[in-house]
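Below: the structure, in structure tokens.
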Amino acid sequence: MQEKLRRFKLSNIKNMFPRFLGRLIVVAWVLFTIIVIGWIFIASLSTTKEIFTNKLLHSGLQFKNYIKTFQLYNVGRYFLNSTIYTVTACIGVIFVAAPASYIMAKYVFKGKNVVRLAYASAMGIPAAMIMVPMFMLAGKLHMTESILTLIFIYIFTSVPFTIFYLTGFFTTIPNDIQQAALIDGCSHIKAFWKVIFPLAQPGIVTVTMFNFIGIWNEYLWALIFASKAEKRTLAIGLQSIVQSMSVTGDYASLFAGVIIVFLPTFILFIILSNKIMTGITGGSVKG
Amino acid sequence: MGNMKKNERKMIIMFMAPVVLIYLIFFLYPTIRTVHMSFYKVKNLASPVNEWSFVGFKNYMDLTKNPLFVISYKNIMAILFIGGLAVFVLAFLFAVVLQKMKTKKFFRAAIYLPNVITPVALVVMWTQYVFNSRFGFLKNFFGALGLDSLAAIPWTSPDWAFKSMMVAFCFGSVGYYMVIIMAAMDKIPKDFYECADLEGAGSFTKFFRITLPLMKDILRTAITFWCLGAINFFLWSRVFSSSGLDPKTLSPANLMFNMIFGGSKTQQVAEHINVGMGAAIGVTLCVSVILAFAILNVVISKEKYEY
């Protein structure tokens with residue numbers, strides 16, 4: 001008995017050190033994240049001089065940095081653009097992908113496996129393979145300068161993941177529900193939109209959240225199709241602020257810009273963090 | 001009943017047509033076109049097909065002789081292997097540590113957070129604040145500890161740029177893989193560990209004999225994602241250095257972008273802008289993806305454990 005107790009204590013101490021070390025690294029890691037974001041936020045409310053002399057907030061809160069970023073660097077316009085691109089594409093992709101996902105989950109038809117395989121592999125096709133012909137095609141259609149082009153591209157690029165996610169979700173909806181709607185005299189199409197689609201809301205919300213974050217943060221396609229100032233997204237806009245920084249040295253406004261770009265997805269994350277965590281695993285672990 | 005079947009078929013066609021069309025126009029057509037184009041010399045993006053001149057594999061041969069191309073591939077290989085090792089080791093470590101913490105949810109969210117921030121903003125946070133040589137975090141942190149030689153390191157200078165970029169990129173990536181790994185660990189039945197405990201197995205034995213084998217499937221998926229990310233590495237490469245085409249942080253996708261759309265006009269690439277060669281880079285990336293899939297499937301075999 002005593003021998004057992006001694007061994008227990010010994011292993012306890014041996015186990016405690018790695019655990020303590022592990023926790024220390026985790027805490028330091030998170031602390032670093034918080035300090036960096038917190039510092040940027042505080043710096044965005046200080047003057048550039050205070051940033052350089054490590055005396056943040058000495059002259060009180062400088063909200064004028066934000067006003068300046070909006071006026072001088074056109075951030076309001078970029079914000080509006082990003083919102084238009086993101087919201088429109090998020091809605092668009094659902095109307096394209098949800099019906100198809102439902103069919104793939106519940107119906108048997110010729111070529112189903114081909115479509116499934118095609119879209120699974122589409123998730124692995126690098127954007128590098130697509131961008132040149134797409135740019136040429138848009139050029140032929142005189143659409144390289146159109147807002148619609150980027151919206152379409154965001155819809156198209158989001159289709160593979162959305163189908164993958166929603167197909168998994170629709171398989172969990174029982175067949176009886178559709179049967180009941182059909183017996184009640186709905187056509188197949190009506191049964192989907194009136195009965196199934198509203199039921200799929202939880203899955204649609206989750207996948208839209210991921211699409212939103214993905215499209216809001218997108219960079220490559222925006223660089224190709226929204227380089228002109230009046231069509232720029234926030235990400236491209238922020239980069240142009242960084243570039244002009246080398247001339248102006250206006251760090252305070254730059255950090256205000258960072259906070260403006262960062263805030264929408266951050267707020268979304270604070271509200272929906274649990275949903276996002278389970279969503280990631282729903283998409284990758286099950287599949 | 002026949003009417004019912006007809007109705008059903010109509011629905012399948014109507015609902016599937018858009019996604020089939022999108023696949024053909026947006027994924028299949030451009031992929032074939034890019035492969036096709038990679039065998040031609042194409043002067044610029046506006047050149048019509050009848051002005052393309054066939055050069056066979058010359059674009060590919062020229063690429064192997066292009067020092068920028070070679071460097072860019074070395075760079076993404078470093079990210080893939082060195083960065084990947086660091087990210088997965090840390091993600092596993094954090095997943096194991098968090099599993100036993102009471103404040104698990106908060107820490108999980110905080111470590112995941114960089115994944116929802118616009119990457120451009122992340123790059124700015126790192127280059128303009130953390131790595132800043134005048135008021136930066138690292139300078140002040142090492143300075144406060146009295147480690148003056150570390151505090152003086154010019155993190156964004158050419159000598160350090162690549163290492164700094166990799167650290168910053170990997171820092172933000174750990175959270176995503178940690179969340180996936182944690183979820184997979186949660187699914188492993190607890191009695192497996194109780195059994196191992198009774199037989200006197202240590203933490204390491206338990207990890208390598210139980211946890212790891214049972215997570216094979218998810219691990220393969222996660223590593224696949226990591227490979228895709230490394231091969232498509234573009235944004236960090238482009239935004240991290242002030243000039244768009246800094247060989248230190250260059251990635252193939254970035255080089256390709258410059259060859260096609262022309263980066264800054266002062267760059268040497270502008271004079272021999274060749275869309276065909278850019279397309280060839282795209283093809284090498286796609287082949288790399290396929291290769292990575294194939295290797296992963298062989299290395300991490302598909303045997304399934306039922307539990």
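By order in the structure tokens, chains are A, B, ...; within a chain, residues start at 1; ligands start at 1, following the order shown.
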Polymer residues at most 9 Å from stretch 82-92 of chain B, only C-alpha atoms, same-chain spacing of 5 or more positions, as a compact mmCIF listing (two decimals) with all heavy atoms, in the first residue's frame:
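Saved result, part_7.txt, follows:
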```txt
# COMPACT_ATOMS: atom_id res chain seq x y z
N MET B 77 8.67 25.23 -49.84
CA MET B 77 9.05 23.95 -49.24
C MET B 77 9.43 24.15 -47.77
O MET B 77 9.10 23.34 -46.91
CB MET B 77 10.23 23.31 -50.00
CG MET B 77 9.83 22.72 -51.33
SD MET B 77 8.54 21.48 -51.14
CE MET B 77 7.58 21.74 -52.60
N VAL B 97 -2.81 20.24 -23.75
CA VAL B 97 -2.83 21.09 -22.55
C VAL B 97 -4.24 21.62 -22.28
O VAL B 97 -4.74 21.56 -21.16
CB VAL B 97 -1.84 22.27 -22.70
CG1 VAL B 97 -1.98 23.25 -21.54
CG2 VAL B 97 -0.41 21.74 -22.76
N MET B 166 7.64 33.59 -41.72
CA MET B 166 7.21 32.24 -41.39
C MET B 166 6.68 32.18 -39.95
O MET B 166 5.66 31.56 -39.69
CB MET B 166 8.35 31.26 -41.58
CG MET B 166 7.89 29.85 -41.66
SD MET B 166 8.96 28.85 -42.69
CE MET B 166 10.19 28.37 -41.55
N VAL B 167 7.38 32.84 -39.05
CA VAL B 167 6.93 32.86 -37.64
C VAL B 167 5.54 33.49 -37.56
O VAL B 167 4.62 32.93 -36.95
CB VAL B 167 7.92 33.65 -36.75
CG1 VAL B 167 7.31 33.93 -35.40
CG2 VAL B 167 9.21 32.88 -36.61
N PHE B 169 3.27 33.88 -39.91
CA PHE B 169 2.26 33.07 -40.59
C PHE B 169 1.87 31.86 -39.75
O PHE B 169 0.69 31.55 -39.58
CB PHE B 169 2.80 32.63 -41.96
CG PHE B 169 1.89 31.68 -42.69
CD1 PHE B 169 0.68 32.13 -43.20
CD2 PHE B 169 2.23 30.34 -42.84
CE1 PHE B 169 -0.17 31.25 -43.87
CE2 PHE B 169 1.40 29.47 -43.51
CZ PHE B 169 0.19 29.93 -44.02
N CYS B 170 2.88 31.18 -39.21
CA CYS B 170 2.61 29.98 -38.43
C CYS B 170 1.87 30.30 -37.14
O CYS B 170 1.00 29.55 -36.70
CB CYS B 170 3.91 29.24 -38.11
SG CYS B 170 4.66 28.52 -39.58
N PHE B 171 2.21 31.44 -36.54
CA PHE B 171 1.55 31.84 -35.30
C PHE B 171 0.02 31.83 -35.47
O PHE B 171 -0.71 31.33 -34.65
CB PHE B 171 2.00 33.24 -34.89
CG PHE B 171 1.37 33.72 -33.62
CD1 PHE B 171 1.95 33.42 -32.40
CD2 PHE B 171 0.19 34.44 -33.64
CE1 PHE B 171 1.35 33.83 -31.23
CE2 PHE B 171 -0.42 34.85 -32.47
CZ PHE B 171 0.17 34.54 -31.26
N SER B 173 -1.67 30.23 -37.72
CA SER B 173 -2.23 28.98 -38.24
C SER B 173 -2.49 27.94 -37.17
O SER B 173 -3.33 27.07 -37.33
CB SER B 173 -1.30 28.38 -39.29
OG SER B 173 -0.99 29.34 -40.26
N VAL B 174 -1.73 28.01 -36.07
CA VAL B 174 -1.81 26.97 -35.04
C VAL B 174 -3.25 26.74 -34.57
O VAL B 174 -3.70 25.61 -34.45
CB VAL B 174 -0.89 27.33 -33.85
CG1 VAL B 174 -1.13 26.41 -32.67
CG2 VAL B 174 0.56 27.27 -34.28
N GLY B 175 -3.98 27.83 -34.34
CA GLY B 175 -5.33 27.73 -33.78
C GLY B 175 -6.26 26.84 -34.56
O GLY B 175 -6.99 26.01 -34.00
N TYR B 176 -6.22 26.97 -35.88
CA TYR B 176 -7.12 26.19 -36.72
C TYR B 176 -6.88 24.70 -36.56
O TYR B 176 -7.81 23.92 -36.36
CB TYR B 176 -6.91 26.63 -38.18
CG TYR B 176 -7.73 25.84 -39.17
CD1 TYR B 176 -9.10 26.07 -39.28
CD2 TYR B 176 -7.14 24.89 -39.99
CE1 TYR B 176 -9.85 25.34 -40.19
CE2 TYR B 176 -7.88 24.17 -40.89
CZ TYR B 176 -9.24 24.40 -40.99
OH TYR B 176 -9.98 23.68 -41.88
N TYR B 177 -5.60 24.30 -36.62
CA TYR B 177 -5.28 22.89 -36.51
C TYR B 177 -5.52 22.38 -35.09
O TYR B 177 -5.94 21.25 -34.89
CB TYR B 177 -3.85 22.64 -37.00
CG TYR B 177 -3.74 22.98 -38.46
CD1 TYR B 177 -3.29 24.22 -38.87
CD2 TYR B 177 -4.21 22.10 -39.41
CE1 TYR B 177 -3.26 24.56 -40.22
CE2 TYR B 177 -4.20 22.41 -40.76
CZ TYR B 177 -3.73 23.66 -41.15
OH TYR B 177 -3.73 24.00 -42.48
N MET B 178 -5.30 23.26 -34.11
CA MET B 178 -5.57 22.89 -32.73
C MET B 178 -7.06 22.54 -32.53
O MET B 178 -7.38 21.54 -31.91
CB MET B 178 -5.18 24.04 -31.80
CG MET B 178 -5.40 23.75 -30.34
SD MET B 178 -5.40 25.26 -29.38
CE MET B 178 -6.98 25.97 -29.84
N VAL B 179 -7.93 23.36 -33.10
CA VAL B 179 -9.37 23.11 -32.94
C VAL B 179 -9.76 21.77 -33.56
O VAL B 179 -10.49 20.97 -32.97
CB VAL B 179 -10.19 24.26 -33.57
CG1 VAL B 179 -11.67 23.90 -33.60
CG2 VAL B 179 -9.98 25.54 -32.80
N ILE B 181 -7.77 19.18 -34.07
CA ILE B 181 -7.18 18.10 -33.29
C ILE B 181 -7.95 17.88 -31.99
O ILE B 181 -8.22 16.75 -31.59
CB ILE B 181 -5.68 18.41 -33.01
CG1 ILE B 181 -4.89 18.28 -34.32
CG2 ILE B 181 -5.12 17.47 -31.95
CD1 ILE B 181 -3.49 18.84 -34.26
N MET B 182 -8.35 18.99 -31.34
CA MET B 182 -9.11 18.87 -30.09
C MET B 182 -10.41 18.10 -30.31
O MET B 182 -10.79 17.24 -29.51
CB MET B 182 -9.42 20.25 -29.52
CG MET B 182 -8.29 20.83 -28.71
SD MET B 182 -8.66 22.51 -28.19
CE MET B 182 -9.65 22.18 -26.74
N ILE B 223 -3.38 17.73 -42.57
CA ILE B 223 -2.11 17.93 -43.28
C ILE B 223 -2.38 18.30 -44.74
O ILE B 223 -1.68 19.12 -45.32
CB ILE B 223 -1.21 16.67 -43.17
CG1 ILE B 223 -0.85 16.44 -41.71
CG2 ILE B 223 0.06 16.83 -44.00
CD1 ILE B 223 -0.05 15.17 -41.44
N TRP B 226 -2.99 21.89 -44.82
CA TRP B 226 -1.74 22.63 -44.65
C TRP B 226 -0.95 22.67 -45.96
O TRP B 226 -0.44 23.72 -46.34
CB TRP B 226 -0.89 21.99 -43.54
CG TRP B 226 0.43 22.65 -43.41
CD1 TRP B 226 1.62 22.22 -43.89
CD2 TRP B 226 0.70 23.92 -42.80
NE1 TRP B 226 2.61 23.11 -43.62
CE2 TRP B 226 2.07 24.18 -42.95
CE3 TRP B 226 -0.11 24.87 -42.14
CZ2 TRP B 226 2.67 25.34 -42.47
CZ3 TRP B 226 0.50 26.03 -41.66
CH2 TRP B 226 1.87 26.25 -41.83
N CYS B 227 -0.89 21.53 -46.66
CA CYS B 227 -0.19 21.49 -47.95
C CYS B 227 -0.82 22.44 -48.95
O CYS B 227 -0.13 23.19 -49.64
CB CYS B 227 -0.21 20.08 -48.53
SG CYS B 227 0.75 18.90 -47.59
N ALA B 230 0.20 25.95 -48.12
CA ALA B 230 1.60 26.26 -48.42
C ALA B 230 1.79 26.40 -49.92
O ALA B 230 2.47 27.32 -50.39
CB ALA B 230 2.50 25.17 -47.87
```
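Nearest to B:Ala253 of all the residues A:Ile42, A:Leu31, A:Ala98, A:Ile130 is A:Ile130, based on only C-alpha atoms.
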Fewer than 6 positions away in the same chain doesn't count, so skip those; otherwise give me all residues within 7 Å of stretch 35-37 of chain B, counting only C-alpha atoms, as a list in words.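 In the requested form, the answer reads Gly276, Ala279 and Val283 of chain B.
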Saved selection, atoms kept: N, CA, C and O atoms, as an mmCIF file, in the first residue's frame:
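Wrote part.cif, looks like this:
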```cif
data_model
loop_
_atom_site.group_PDB
_atom_site.id
_atom_site.type_symbol
_atom_site.label_atom_id
_atom_site.label_comp_id
_atom_site.auth_asym_id
_atom_site.auth_seq_id
_atom_site.Cartn_x
_atom_site.Cartn_y
_atom_site.Cartn_z
ATOM 1 N N GLY B 276 2.249 32.829 -70.891
ATOM 2 C CA GLY B 276 2.394 31.379 -71.035
ATOM 3 C C GLY B 276 3.262 30.793 -69.932
ATOM 4 O O GLY B 276 2.949 29.755 -69.360
ATOM 5 N N ALA B 279 1.369 30.743 -66.774
ATOM 6 C CA ALA B 279 0.463 29.587 -66.771
ATOM 7 C C ALA B 279 1.228 28.329 -66.391
ATOM 8 O O ALA B 279 0.722 27.480 -65.644
ATOM 9 N N VAL B 283 0.510 25.517 -63.516
ATOM 10 C CA VAL B 283 0.441 24.069 -63.708
ATOM 11 C C VAL B 283 1.351 23.348 -62.708
ATOM 12 O O VAL B 283 0.965 22.340 -62.125
#
```
Chain A residues within 6 Å of chain B, counting only C-alpha atoms: which ones, as a PyMOL selection string? chain A and resi 22+52+99-100+128-130+133+189+217+235+258+262+281+285
Residue subset to file, keeping N, CA, C and O atoms, as a PDB file, in the first residue's frame:
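File produced: again02.pdb:
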```pdb
ATOM      1  N   GLY A  22       3.469  23.355 -20.148  1.00  0.00           N
ATOM      2  CA  GLY A  22       2.491  23.456 -21.232  1.00  0.00           C
ATOM      3  C   GLY A  22       1.551  24.623 -21.021  1.00  0.00           C
ATOM      4  O   GLY A  22       1.311  25.424 -21.921  1.00  0.00           O
ATOM      5  N   PHE A  52       5.660  56.702 -31.335  1.00  0.00           N
ATOM      6  CA  PHE A  52       7.110  56.631 -31.450  1.00  0.00           C
ATOM      7  C   PHE A  52       7.820  56.793 -30.116  1.00  0.00           C
ATOM      8  O   PHE A  52       8.908  56.278 -29.918  1.00  0.00           O
ATOM      9  N   PRO A  99     -29.935  24.165 -53.091  1.00  0.00           N
ATOM     10  CA  PRO A  99     -30.759  23.201 -53.822  1.00  0.00           C
ATOM     11  C   PRO A  99     -29.940  22.019 -54.343  1.00  0.00           C
ATOM     12  O   PRO A  99     -30.348  20.858 -54.197  1.00  0.00           O
ATOM     13  N   ALA A 100     -28.757  22.298 -54.885  1.00  0.00           N
ATOM     14  CA  ALA A 100     -27.917  21.231 -55.422  1.00  0.00           C
ATOM     15  C   ALA A 100     -27.480  20.277 -54.306  1.00  0.00           C
ATOM     16  O   ALA A 100     -27.475  19.062 -54.486  1.00  0.00           O
ATOM     17  N   ALA A 128      -4.321  29.738 -58.896  1.00  0.00           N
ATOM     18  CA  ALA A 128      -3.370  30.024 -59.963  1.00  0.00           C
ATOM     19  C   ALA A 128      -3.777  29.379 -61.281  1.00  0.00           C
ATOM     20  O   ALA A 128      -3.461  29.883 -62.356  1.00  0.00           O
ATOM     21  N   MET A 129      -4.504  28.253 -61.200  1.00  0.00           N
ATOM     22  CA  MET A 129      -4.934  27.571 -62.416  1.00  0.00           C
ATOM     23  C   MET A 129      -6.099  28.292 -63.074  1.00  0.00           C
ATOM     24  O   MET A 129      -6.405  28.070 -64.239  1.00  0.00           O
ATOM     25  N   ILE A 130      -6.808  29.076 -62.307  1.00  0.00           N
ATOM     26  CA  ILE A 130      -8.064  29.641 -62.782  1.00  0.00           C
ATOM     27  C   ILE A 130      -7.929  31.099 -63.205  1.00  0.00           C
ATOM     28  O   ILE A 130      -8.584  31.561 -64.117  1.00  0.00           O
ATOM     29  N   PRO A 133      -7.241  32.470 -67.333  1.00  0.00           N
ATOM     30  CA  PRO A 133      -8.376  32.366 -68.258  1.00  0.00           C
ATOM     31  C   PRO A 133      -9.591  33.187 -67.803  1.00  0.00           C
ATOM     32  O   PRO A 133     -10.284  33.762 -68.642  1.00  0.00           O
ATOM     33  N   ILE A 189     -40.260  20.879 -56.135  1.00  0.00           N
ATOM     34  CA  ILE A 189     -39.531  22.133 -56.011  1.00  0.00           C
ATOM     35  C   ILE A 189     -40.092  22.973 -54.868  1.00  0.00           C
ATOM     36  O   ILE A 189     -39.378  23.510 -54.030  1.00  0.00           O
ATOM     37  N   ASN A 217     -12.272  38.492 -46.017  1.00  0.00           N
ATOM     38  CA  ASN A 217     -10.817  38.508 -45.903  1.00  0.00           C
ATOM     39  C   ASN A 217     -10.110  38.224 -47.221  1.00  0.00           C
ATOM     40  O   ASN A 217      -8.896  38.193 -47.267  1.00  0.00           O
ATOM     41  N   ALA A 235      -9.479  44.985 -47.612  1.00  0.00           N
ATOM     42  CA  ALA A 235      -8.151  44.381 -47.542  1.00  0.00           C
ATOM     43  C   ALA A 235      -7.195  45.080 -48.505  1.00  0.00           C
ATOM     44  O   ALA A 235      -6.082  45.444 -48.134  1.00  0.00           O
ATOM     45  N   VAL A 258      -6.365  49.328 -39.521  1.00  0.00           N
ATOM     46  CA  VAL A 258      -6.298  47.914 -39.133  1.00  0.00           C
ATOM     47  C   VAL A 258      -7.517  47.547 -38.282  1.00  0.00           C
ATOM     48  O   VAL A 258      -8.163  46.521 -38.496  1.00  0.00           O
ATOM     49  N   PHE A 262     -10.518  44.870 -39.061  1.00  0.00           N
ATOM     50  CA  PHE A 262     -10.520  43.763 -38.121  1.00  0.00           C
ATOM     51  C   PHE A 262     -11.872  43.594 -37.419  1.00  0.00           C
ATOM     52  O   PHE A 262     -12.324  42.487 -37.147  1.00  0.00           O
ATOM     53  N   THR A 281     -15.190  21.748 -36.994  1.00  0.00           N
ATOM     54  CA  THR A 281     -15.048  20.313 -36.822  1.00  0.00           C
ATOM     55  C   THR A 281     -16.147  19.585 -37.575  1.00  0.00           C
ATOM     56  O   THR A 281     -15.921  18.511 -38.094  1.00  0.00           O
ATOM     57  N   VAL A 285     -13.993  17.175 -39.613  1.00  0.00           N
ATOM     58  CA  VAL A 285     -13.857  15.899 -38.924  1.00  0.00           C
ATOM     59  C   VAL A 285     -14.818  14.856 -39.469  1.00  0.00           C
ATOM     60  O   VAL A 285     -14.447  13.731 -39.747  1.00  0.00           O
TER      61      VAL A 285
END
```
B:Ser164: which residues within 12 Å, counting only C-alpha atoms, same-chain residues fewer than 6 positions away excluded, as a PDB file with N, CA, C and O atoms, in the first residue's frame?
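Once everything was written out, this is selection_12.pdb:
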```pdb
ATOM      1  N   ILE B  79       8.245  26.484 -45.850  1.00  0.00           N
ATOM      2  CA  ILE B  79       6.992  26.713 -45.127  1.00  0.00           C
ATOM      3  C   ILE B  79       6.276  25.388 -44.902  1.00  0.00           C
ATOM      4  O   ILE B  79       5.813  25.075 -43.812  1.00  0.00           O
ATOM      5  N   GLY B  83       7.719  24.994 -41.272  1.00  0.00           N
ATOM      6  CA  GLY B  83       6.539  25.638 -40.705  1.00  0.00           C
ATOM      7  C   GLY B  83       5.506  24.595 -40.293  1.00  0.00           C
ATOM      8  O   GLY B  83       4.906  24.686 -39.223  1.00  0.00           O
ATOM      9  N   VAL B 123      -0.726  40.947 -41.289  1.00  0.00           N
ATOM     10  CA  VAL B 123       0.603  41.298 -41.771  1.00  0.00           C
ATOM     11  C   VAL B 123       0.998  42.685 -41.245  1.00  0.00           C
ATOM     12  O   VAL B 123       2.118  42.888 -40.781  1.00  0.00           O
ATOM     13  N   TRP B 126       2.008  42.575 -37.616  1.00  0.00           N
ATOM     14  CA  TRP B 126       3.342  42.026 -37.403  1.00  0.00           C
ATOM     15  C   TRP B 126       4.427  42.959 -37.907  1.00  0.00           C
ATOM     16  O   TRP B 126       5.357  43.279 -37.178  1.00  0.00           O
ATOM     17  N   THR B 127       4.305  43.380 -39.171  1.00  0.00           N
ATOM     18  CA  THR B 127       5.414  44.170 -39.731  1.00  0.00           C
ATOM     19  C   THR B 127       5.487  45.565 -39.115  1.00  0.00           C
ATOM     20  O   THR B 127       6.570  46.070 -38.872  1.00  0.00           O
ATOM     21  N   VAL B 130       4.817  44.416 -34.222  1.00  0.00           N
ATOM     22  CA  VAL B 130       5.643  43.418 -33.532  1.00  0.00           C
ATOM     23  C   VAL B 130       7.109  43.497 -33.964  1.00  0.00           C
ATOM     24  O   VAL B 130       8.012  43.512 -33.136  1.00  0.00           O
ATOM     25  N   PHE B 131       7.338  43.574 -35.296  1.00  0.00           N
ATOM     26  CA  PHE B 131       8.706  43.570 -35.809  1.00  0.00           C
ATOM     27  C   PHE B 131       9.300  44.973 -35.951  1.00  0.00           C
ATOM     28  O   PHE B 131      10.409  45.122 -36.442  1.00  0.00           O
ATOM     29  N   ASN B 132       8.546  45.995 -35.573  1.00  0.00           N
ATOM     30  CA  ASN B 132       9.024  47.363 -35.791  1.00  0.00           C
ATOM     31  C   ASN B 132      10.316  47.631 -35.022  1.00  0.00           C
ATOM     32  O   ASN B 132      10.429  47.313 -33.845  1.00  0.00           O
ATOM     33  N   LEU B 138       8.814  43.255 -30.053  1.00  0.00           N
ATOM     34  CA  LEU B 138      10.009  42.460 -29.786  1.00  0.00           C
ATOM     35  C   LEU B 138      11.147  43.323 -29.271  1.00  0.00           C
ATOM     36  O   LEU B 138      11.886  42.923 -28.376  1.00  0.00           O
ATOM     37  N   ILE B 153      17.765  43.084 -33.331  1.00  0.00           N
ATOM     38  CA  ILE B 153      17.598  42.365 -34.596  1.00  0.00           C
ATOM     39  C   ILE B 153      16.632  43.101 -35.527  1.00  0.00           C
ATOM     40  O   ILE B 153      15.521  43.439 -35.119  1.00  0.00           O
ATOM     41  N   PRO B 154      17.064  43.385 -36.752  1.00  0.00           N
ATOM     42  CA  PRO B 154      16.151  44.042 -37.714  1.00  0.00           C
ATOM     43  C   PRO B 154      15.256  42.996 -38.392  1.00  0.00           C
ATOM     44  O   PRO B 154      15.592  42.481 -39.453  1.00  0.00           O
ATOM     45  N   TRP B 155      14.135  42.690 -37.778  1.00  0.00           N
ATOM     46  CA  TRP B 155      13.319  41.537 -38.193  1.00  0.00           C
ATOM     47  C   TRP B 155      12.840  41.592 -39.640  1.00  0.00           C
ATOM     48  O   TRP B 155      12.654  40.557 -40.268  1.00  0.00           O
ATOM     49  N   THR B 156      12.580  42.769 -40.151  1.00  0.00           N
ATOM     50  CA  THR B 156      12.034  42.817 -41.513  1.00  0.00           C
ATOM     51  C   THR B 156      13.115  43.090 -42.562  1.00  0.00           C
ATOM     52  O   THR B 156      12.816  43.269 -43.728  1.00  0.00           O
ATOM     53  N   SER B 157      14.369  43.105 -42.147  1.00  0.00           N
ATOM     54  CA  SER B 157      15.456  43.306 -43.117  1.00  0.00           C
ATOM     55  C   SER B 157      15.590  42.043 -43.974  1.00  0.00           C
ATOM     56  O   SER B 157      15.149  40.970 -43.566  1.00  0.00           O
ATOM     57  N   PRO B 158      16.231  42.151 -45.150  1.00  0.00           N
ATOM     58  CA  PRO B 158      16.332  41.002 -46.056  1.00  0.00           C
ATOM     59  C   PRO B 158      16.811  39.716 -45.381  1.00  0.00           C
ATOM     60  O   PRO B 158      16.282  38.642 -45.644  1.00  0.00           O
ATOM     61  N   CYS B 170       2.883  31.178 -39.213  1.00  0.00           N
ATOM     62  CA  CYS B 170       2.607  29.976 -38.426  1.00  0.00           C
ATOM     63  C   CYS B 170       1.868  30.305 -37.136  1.00  0.00           C
ATOM     64  O   CYS B 170       0.996  29.553 -36.700  1.00  0.00           O
ATOM     65  N   PHE B 171       2.208  31.436 -36.541  1.00  0.00           N
ATOM     66  CA  PHE B 171       1.547  31.839 -35.302  1.00  0.00           C
ATOM     67  C   PHE B 171       0.021  31.830 -35.474  1.00  0.00           C
ATOM     68  O   PHE B 171      -0.713  31.327 -34.645  1.00  0.00           O
ATOM     69  N   TRP B 236       0.733  36.533 -47.962  1.00  0.00           N
ATOM     70  CA  TRP B 236       1.836  36.903 -47.066  1.00  0.00           C
ATOM     71  C   TRP B 236       3.064  37.258 -47.865  1.00  0.00           C
ATOM     72  O   TRP B 236       3.765  38.222 -47.570  1.00  0.00           O
ATOM     73  N   SER B 237       3.320  36.452 -48.900  1.00  0.00           N
ATOM     74  CA  SER B 237       4.481  36.687 -49.732  1.00  0.00           C
ATOM     75  C   SER B 237       4.419  38.071 -50.371  1.00  0.00           C
ATOM     76  O   SER B 237       5.414  38.765 -50.492  1.00  0.00           O
ATOM     77  N   PHE B 240       3.994  41.027 -47.217  1.00  0.00           N
ATOM     78  CA  PHE B 240       4.971  41.099 -46.134  1.00  0.00           C
ATOM     79  C   PHE B 240       6.152  42.010 -46.467  1.00  0.00           C
ATOM     80  O   PHE B 240       6.573  42.819 -45.661  1.00  0.00           O
ATOM     81  N   SER B 241       6.706  41.867 -47.658  1.00  0.00           N
ATOM     82  CA  SER B 241       7.832  42.732 -48.026  1.00  0.00           C
ATOM     83  C   SER B 241       7.294  43.953 -48.758  1.00  0.00           C
ATOM     84  O   SER B 241       6.272  43.879 -49.432  1.00  0.00           O
ATOM     85  N   LYS B 248      13.416  37.129 -51.179  1.00  0.00           N
ATOM     86  CA  LYS B 248      13.490  36.516 -49.855  1.00  0.00           C
ATOM     87  C   LYS B 248      12.157  35.914 -49.426  1.00  0.00           C
ATOM     88  O   LYS B 248      12.121  34.885 -48.768  1.00  0.00           O
ATOM     89  N   THR B 249      11.082  36.571 -49.766  1.00  0.00           N
ATOM     90  CA  THR B 249       9.778  36.082 -49.315  1.00  0.00           C
ATOM     91  C   THR B 249       8.899  35.632 -50.480  1.00  0.00           C
ATOM     92  O   THR B 249       7.703  35.427 -50.326  1.00  0.00           O
TER      93      THR B 249
END
```
With DSSP run on the backbone, what are the helix (DSSP H, G or I) residues within stretch 29-217 of chain B? I'd like them as a count of residues only. 142
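Note that the spacing between atom CA of A:Ala229 and atom CA of A:Thr157 amounts to 23.4 Å.
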Have a look at A:Val159, A:Ile151, A:Ile241, A:Val93 and name the one nearest to A:Ser253; count only C-alpha atoms.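 For A:Ser253, the nearest of the given residues is A:Ile241.
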Gap from atom CA of A:Ile204 to atom CA of A:Phe169 - Å, one decimal: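 These atoms are spaced 8.9 Å apart.
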Atom CA of B:Asn274 to atom CA of B:Glu51, straight-line distance in Å: 13.0 Å
Between A:Met209, A:Val30, A:Ala122, A:Ala226, which has the minimum distance to A:Val87 (counting only C-alpha atoms)?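 Between A:Met209, A:Val30, A:Ala122, A:Ala226, the residue approaching A:Val87 most closely is A:Met209.
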Selected residue of minimal separation from B:Met185 among B:Leu145, B:Ile210, B:Met277, B:Ile76, counting only C-alpha atoms: B:Ile210
Can you tell me, as a PyMOL selection string, what residues are no more than 7 Å from stretch 218-222 of chain A when counting only C-alpha atoms, ignoring any on the same chain fewer than 2 positions away? (chain A and resi 214-216+224-227+233+235-236) or (chain B and resi 235)
Produce a file of the selected residues containing C-alpha atoms, as a CSV table (one decimal), in the first residue's frame.
```csv
chain,number,residue,atom,x,y,z
A,214,GLY,CA,-13.6,33.9,-46.2
A,215,ILE,CA,-15.0,36.5,-48.6
A,216,TRP,CA,-14.5,39.5,-46.3
A,224,ILE,CA,-7.3,41.2,-59.9
A,225,PHE,CA,-10.8,42.6,-60.2
A,226,ALA,CA,-11.0,45.4,-57.7
A,227,SER,CA,-7.8,47.3,-58.0
A,233,THR,CA,-12.2,46.0,-50.9
A,235,ALA,CA,-8.2,44.4,-47.5
A,236,ILE,CA,-6.8,46.0,-50.7
B,235,LEU,CA,-0.9,37.0,-49.7
```
